[in-house]
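Notes for the one structure printed next.
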Amino acid sequence: MNSHFKKSLVLAVAAAASLVSVAAFGQDKPAAKPPVAADASASRWDIFIGYSYLAPKDTVNVMQPDGIIVPVDYKAINWGEIVSGTYYFNKYVGAQIEGGFHRCGETESDCGNNDSFVTGAGGIVFRYPTADITPFAHALAGAAYVGGPLHEPNTWGPDITVGGGMDYNTPLFNHHLAIRLFQADYEYMHVNFGPGVYGGRANINAARLSAGLVFHIGSIVPPPPVTLACSVNPPSIYPGEPVTVTGTADMLNPKKTAVYTWSGDGVTGTGASATVATASLAPGTYTVKGNVSQGPKPGQSADCSATYTVKAFEPPTVSCSANPSTIKPGDTSAITATGVSPQNRPLTYSYSASAGSVSGTGNSATFASAGAPAGSVTVTCTVTDDKGQTASSTTSVTIEAPYVAPAPTTSSLCSITFDKDTKRPMRVDNEAKACLDDIALTLQSKSDAALAVVGSSTADEKAPPKKKLKKGEVAPDYAAQRAVNTKDYLVTEKGIDASRITVYTGSGDGKKVEDYLVPSGATFSVSGATPVSGDVKPQARKPLPERHPKK
């Protein structure tokens with residue numbers, strides 16, 4: 001690498017360092033670490049340092065000392081440096097200053113067909129930042145310090161640059177370093193070397209390709225606003241107990257001082273915490289407000305509030321119990337009252353009863369049932385503290401009444417069905433015998449009890465017969481016949497006294513008989529049950545005739 005290139009690189013680095021310092025000085029606070037997203041590349045400043053290749057295109061007609069005009073072309077310069085600084089007004093648009101350094105050789109005598117170009121320009125730049133790449137385009141105008149293609153001295157002229165490129169955003173240095181993959185520019189320079197020997201006019205159309213490093217400084221994304229959260233401890237107190245308020249701030253600038261202020265009844269404090277004097281506060285809910293500030297700009301201060309409750313002194317509580325809780329007439333029961341004052345104030349006890357009498361002092365008393373009727377008696381225990389606040393609780397003492405035996409009631413026994421023998425739907429079949437045998441045993445063991453037999457029939461059986469009855473023929477009463485047949489089985493086959501069995505017809509729908517045991521002193525009462533008249537006679541239990549297979 002030649003000395004011109006080294007010197008130019010040093011100058012470029014120095015210029016970049018100066019721009020970095022200016023940019024850093026211009027920031028109000030250190031940029032917060034941006035997230036890895038599209039806004040991560042939306043920097044406030046971009047500093048670019050890189051390599052540049054310049055391919056100028058023009059022919060200059062140069063007069064020689066002998067008066068002959070010689071056309072001379074510019075040649076490409078393979079080694080060059082480029083540096084630029086860009087300030088972005090928003091995420092997409094910014095202002096840019098750029099310098100290009102393309103040297104012809106070690107000394108001026110080396111210059112000839114490889115002349116030098118030093119350019120400086122400023123203008124507008126447009127970009128579209130994403131998380132990974134940032135394409136951009138710019139248009140610049142400025143001046144160029146150009147050497148001639150053949151012994152002409154370096155001369156100033158106007159310069160116009162239009163082009164664009166693409167940056168790759170690396171994660172290095174917390175996403176502050178990017179690589180300019182390429183920058184391609186068209187550059188127009190006009191220089192007048194004057195008349196006479198080694199004079200001439202140059203209208204240079206140049207292509208410039210560059211690549212290098214881009215340093216992101218600052219951020220378009222504003223820093224997150226300061227936040228403040230308040231908490232009180234404890235949140236509920238009695239008058240005179242202390243309360244501490246603590247403010248927890250976030251997103252503060254560590255280089256700036258945070259100023260805290262507090263307000264509220266009895267609140268004092270200047271730091272991140274404050275105290276509250278509550279001795280003179282009446283019961284109720286109170287609010288403490290806090291503020292933290294690092295400057296007048298939006299987002300540099302935050303407010304918070306928290307509430308606490310001053311409780312009134314609580315009344316006492318009491319529980320009341322009786323032992324035993326059930327006594328016989330004339331007996332006594334021990335009453336125990338357990339009173340509690342939340343503030344441990346002295347308590348006095350008193351007692352009363354809805355019947356009988358109760359006497360005692362302190363937390364125990366005696367209930368006497370003399371003169372009280374049978375049933376539940378309510379005993380009230382009351383406590384009173386020294387501030388006149390009271391609480392009451394009750395317990396009950398049950399005084400037993402003389403024993404009275406309960407009246408006997410009817411109970412349901414097993415039932416039998418008649419739906420299997422379709423030809424004789426009122427016959428007590430063999431399957432019913434198990435139920436009826438159990439009923440007979442029950443009647444034999446309870447000789448003073450009676451039996452109620454309730455027969456039922458289906459809706460079809462209750463309907464008028466489909467065939468015309470013969471003269472003197474009566475439609476069967478299926479429900480009554482089933483009840484009578486059941487009674488007949490118990491009387492004739494199990495030896496039960498017929499006077500102990502009463503037959504009824506029921507309102508139910510079904511081919512069945514239900515049986516009820518009626519103890520002595522009880523009255524049979526089943527909804528819909530109607531006594532069967534004496535006209536219904538029992539049917540003999542004949543077995544079915546044997547069926548012989550056809551030969």
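To be explicit about the labels: the chains of the structure tokens are called A, B, and onward in the order shown, and within each one the residues are counted from 1, while ligands get numbers from 1 in the order they are shown.
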
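In the backbone-derived DSSP annotation, strand (DSSP E) within range 385-477 of chain A comprises A:Asp385, A:Thr390, A:Ala391, A:Ser392, A:Ser393, A:Thr394, A:Thr395, A:Ser396, A:Val397, A:Thr398, A:Ile399, A:Ser411, A:Ser412, A:Leu413, A:Cys414, A:Ser415, A:Ile416, A:Thr417, A:Ala450, A:Leu451, A:Ala452, A:Val453, A:Val454, A:Gly455, A:Ser456, A:Ser457.
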
Polymer residues at most 9 Å from range 411-420 of chain A, only C-alpha atoms, same-chain spacing of 2 or more positions, as a list in words: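 Residues meeting the cut-off are Thr409, Thr422, Lys423, Arg424, Pro425, Met426, Arg427, Val428, Asp429, Glu431, Ala432, Lys433, Cys435, Leu436, Asp438, Ile439, Arg482, Gly510, Lys511, Lys512, Val513, Glu514, Asp515, Tyr516, Leu517, Val518 and Pro519 of chain A.
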
Which residue gives the smallest distance to Gln481 in chain A among A:Pro315, A:Gly218, A:Gly534, A:Gly455, with only C-alpha atoms counted? A:Gly455

Between A:Thr390, A:Gly142, A:Ala522, A:Thr378, which one has atoms that come closest to Pro406 in chain A, using only C-alpha atoms?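 Closest to Pro406 in chain A of all the choices is A:Ala522.
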
I'd like the neighbourhood of Ser376 in chain A as a list of chain:residue names, where a residue qualifies if any of its atoms comes within 8 Å (using only C-alpha atoms), though same-chain residues fewer than 6 positions away should be ignored.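 Counting only the stated atoms, we get A:Ser396, A:Val397, A:Thr398, A:Ile399.
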
Write the residues of the preceding selection, restricted to all heavy atoms, as a tab-separated table (two decimals), in the first residue's frame.
```tsv
chain	number	residue	atom	x	y	z
A	396	SER	N	-77.43	-22.47	72.62
A	396	SER	CA	-78.75	-23.00	72.97
A	396	SER	C	-78.60	-24.20	73.90
A	396	SER	O	-77.64	-24.98	73.79
A	396	SER	CB	-79.54	-23.38	71.73
A	396	SER	OG	-78.85	-24.39	71.00
A	397	VAL	N	-79.57	-24.32	74.79
A	397	VAL	CA	-79.68	-25.48	75.68
A	397	VAL	C	-81.04	-26.10	75.43
A	397	VAL	O	-82.07	-25.41	75.47
A	397	VAL	CB	-79.53	-25.08	77.15
A	397	VAL	CG1	-79.69	-26.29	78.06
A	397	VAL	CG2	-78.19	-24.41	77.39
A	398	THR	N	-81.05	-27.38	75.13
A	398	THR	CA	-82.30	-28.08	74.86
A	398	THR	C	-82.77	-28.81	76.11
A	398	THR	O	-82.02	-29.61	76.69
A	398	THR	CB	-82.12	-29.09	73.71
A	398	THR	OG1	-81.69	-28.38	72.54
A	398	THR	CG2	-83.42	-29.82	73.41
A	399	ILE	N	-84.02	-28.50	76.50
A	399	ILE	CA	-84.63	-29.18	77.65
A	399	ILE	C	-85.51	-30.29	77.10
A	399	ILE	O	-86.44	-30.03	76.32
A	399	ILE	CB	-85.46	-28.19	78.49
A	399	ILE	CG1	-84.55	-27.05	78.98
A	399	ILE	CG2	-86.10	-28.91	79.67
A	399	ILE	CD1	-85.32	-25.95	79.69
```

d(CA of Ile82 in chain A, CA of Gly157 in chain A) in Å: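 Between these atoms lies a distance of 18.8 Å.
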
Near Ser210 in chain A, counting only C-alpha atoms, which residues have an atom at most 12 Å away, once you skip same-chain residues fewer than 2 positions from it, shown as a ChimeraX atom specification? /A:48-55,78-84,100-102,163-167,179-186,207-208,212-213

Please extract the residues of range 124-204 of chain A with a backbone DSSP assignment of helix (DSSP H, G or I) and present them as a PyMOL selection string. chain A and resi 172-175

Smallest atom-to-atom distance to Ala272 in chain A: which of A:Ser533, A:Thr287, A:Ser116, A:Thr246, using only C-alpha atoms?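 Ranked by minimum distance to Ala272 in chain A, first place goes to A:Thr246.
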
Using only C-alpha atoms, which protein or nucleic acid residues come within 7 Å of Tyr504 in chain A? Drop anything in the same chain fewer than 5 positions from it, and give the result as JSON, numbers by chain. {"A": [453, 454, 455, 480, 483, 529, 530, 531, 532]}

Residues from the last selection, all heavy atoms, saved as an mmCIF file, in the first residue's frame:
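Final output, result-v7.cif:
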```cif
data_model
loop_
_atom_site.group_PDB
_atom_site.id
_atom_site.type_symbol
_atom_site.label_atom_id
_atom_site.label_comp_id
_atom_site.auth_asym_id
_atom_site.auth_seq_id
_atom_site.Cartn_x
_atom_site.Cartn_y
_atom_site.Cartn_z
ATOM 1 N N VAL A 453 -104.232 -55.468 50.785
ATOM 2 C CA VAL A 453 -103.837 -55.965 49.468
ATOM 3 C C VAL A 453 -104.495 -55.070 48.424
ATOM 4 O O VAL A 453 -105.719 -54.957 48.396
ATOM 5 C CB VAL A 453 -104.243 -57.434 49.274
ATOM 6 C CG1 VAL A 453 -103.862 -57.906 47.878
ATOM 7 C CG2 VAL A 453 -103.605 -58.308 50.346
ATOM 8 N N VAL A 454 -103.674 -54.436 47.560
ATOM 9 C CA VAL A 454 -104.180 -53.484 46.578
ATOM 10 C C VAL A 454 -103.866 -54.005 45.189
ATOM 11 O O VAL A 454 -102.692 -54.159 44.813
ATOM 12 C CB VAL A 454 -103.546 -52.092 46.769
ATOM 13 C CG1 VAL A 454 -104.124 -51.114 45.737
ATOM 14 C CG2 VAL A 454 -103.792 -51.592 48.186
ATOM 15 N N GLY A 455 -104.941 -54.324 44.426
ATOM 16 C CA GLY A 455 -104.762 -54.817 43.068
ATOM 17 C C GLY A 455 -104.845 -53.706 42.043
ATOM 18 O O GLY A 455 -105.565 -52.727 42.233
ATOM 19 N N ALA A 480 -109.613 -55.990 41.044
ATOM 20 C CA ALA A 480 -110.274 -56.567 42.219
ATOM 21 C C ALA A 480 -110.025 -58.069 42.288
ATOM 22 O O ALA A 480 -109.773 -58.629 43.363
ATOM 23 C CB ALA A 480 -111.766 -56.266 42.173
ATOM 24 N N ALA A 483 -106.577 -58.921 43.606
ATOM 25 C CA ALA A 483 -106.486 -58.728 45.052
ATOM 26 C C ALA A 483 -107.192 -59.859 45.797
ATOM 27 O O ALA A 483 -106.684 -60.403 46.788
ATOM 28 C CB ALA A 483 -107.086 -57.377 45.432
ATOM 29 N N ALA A 529 -106.828 -45.935 46.692
ATOM 30 C CA ALA A 529 -107.235 -47.304 47.079
ATOM 31 C C ALA A 529 -108.727 -47.324 47.423
ATOM 32 O O ALA A 529 -109.202 -46.514 48.225
ATOM 33 C CB ALA A 529 -106.407 -47.783 48.264
ATOM 34 N N THR A 530 -109.462 -48.287 46.797
ATOM 35 C CA THR A 530 -110.907 -48.431 47.016
ATOM 36 C C THR A 530 -111.216 -49.863 47.461
ATOM 37 O O THR A 530 -110.750 -50.832 46.815
ATOM 38 C CB THR A 530 -111.681 -48.135 45.714
ATOM 39 O OG1 THR A 530 -111.322 -46.816 45.255
ATOM 40 C CG2 THR A 530 -113.174 -48.225 45.935
ATOM 41 N N PRO A 531 -111.996 -50.039 48.562
ATOM 42 C CA PRO A 531 -112.286 -51.407 49.018
ATOM 43 C C PRO A 531 -113.033 -52.197 47.944
ATOM 44 O O PRO A 531 -113.867 -51.659 47.213
ATOM 45 C CB PRO A 531 -113.159 -51.189 50.266
ATOM 46 C CG PRO A 531 -112.812 -49.795 50.717
ATOM 47 C CD PRO A 531 -112.524 -49.015 49.487
ATOM 48 N N VAL A 532 -112.743 -53.492 47.867
ATOM 49 C CA VAL A 532 -113.391 -54.397 46.911
ATOM 50 C C VAL A 532 -114.702 -54.908 47.528
ATOM 51 O O VAL A 532 -114.726 -55.304 48.707
ATOM 52 C CB VAL A 532 -112.467 -55.560 46.535
ATOM 53 C CG1 VAL A 532 -113.167 -56.533 45.583
ATOM 54 C CG2 VAL A 532 -111.189 -55.013 45.892
#
```

Have a look at A:Tyr403, A:Phe126, A:Tyr308, A:Tyr198 and name the one nearest to Pro71 in chain A; count only C-alpha atoms.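 The closest residue to Pro71 in chain A is A:Tyr198.
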
Asn154 in chain A environment, 9 Å, only C-alpha atoms, sequence neighbours closer than 3 positions dropped, as a PyMOL selection string: chain A and resi 116-117+145-148+193

Quick one: of A:Thr394, A:Asn192, A:Ser364, A:Ser43, who's nearest to Tyr92 in chain A, counting only C-alpha atoms? A:Ser43

Could you pull the residues within 12 Å of Pro316 in chain A, counting only C-alpha atoms, minus those fewer than 3 positions along the same chain, as number ranges by chain? A: 313, 319, 338-349, 382-393

A:Glu98, A:Ile335, A:Val226, A:Pro298 ranked by distance to Pro254 in chain A, top pick (using only C-alpha atoms):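 Distance minimum relative to Pro254 in chain A lands on A:Val226.
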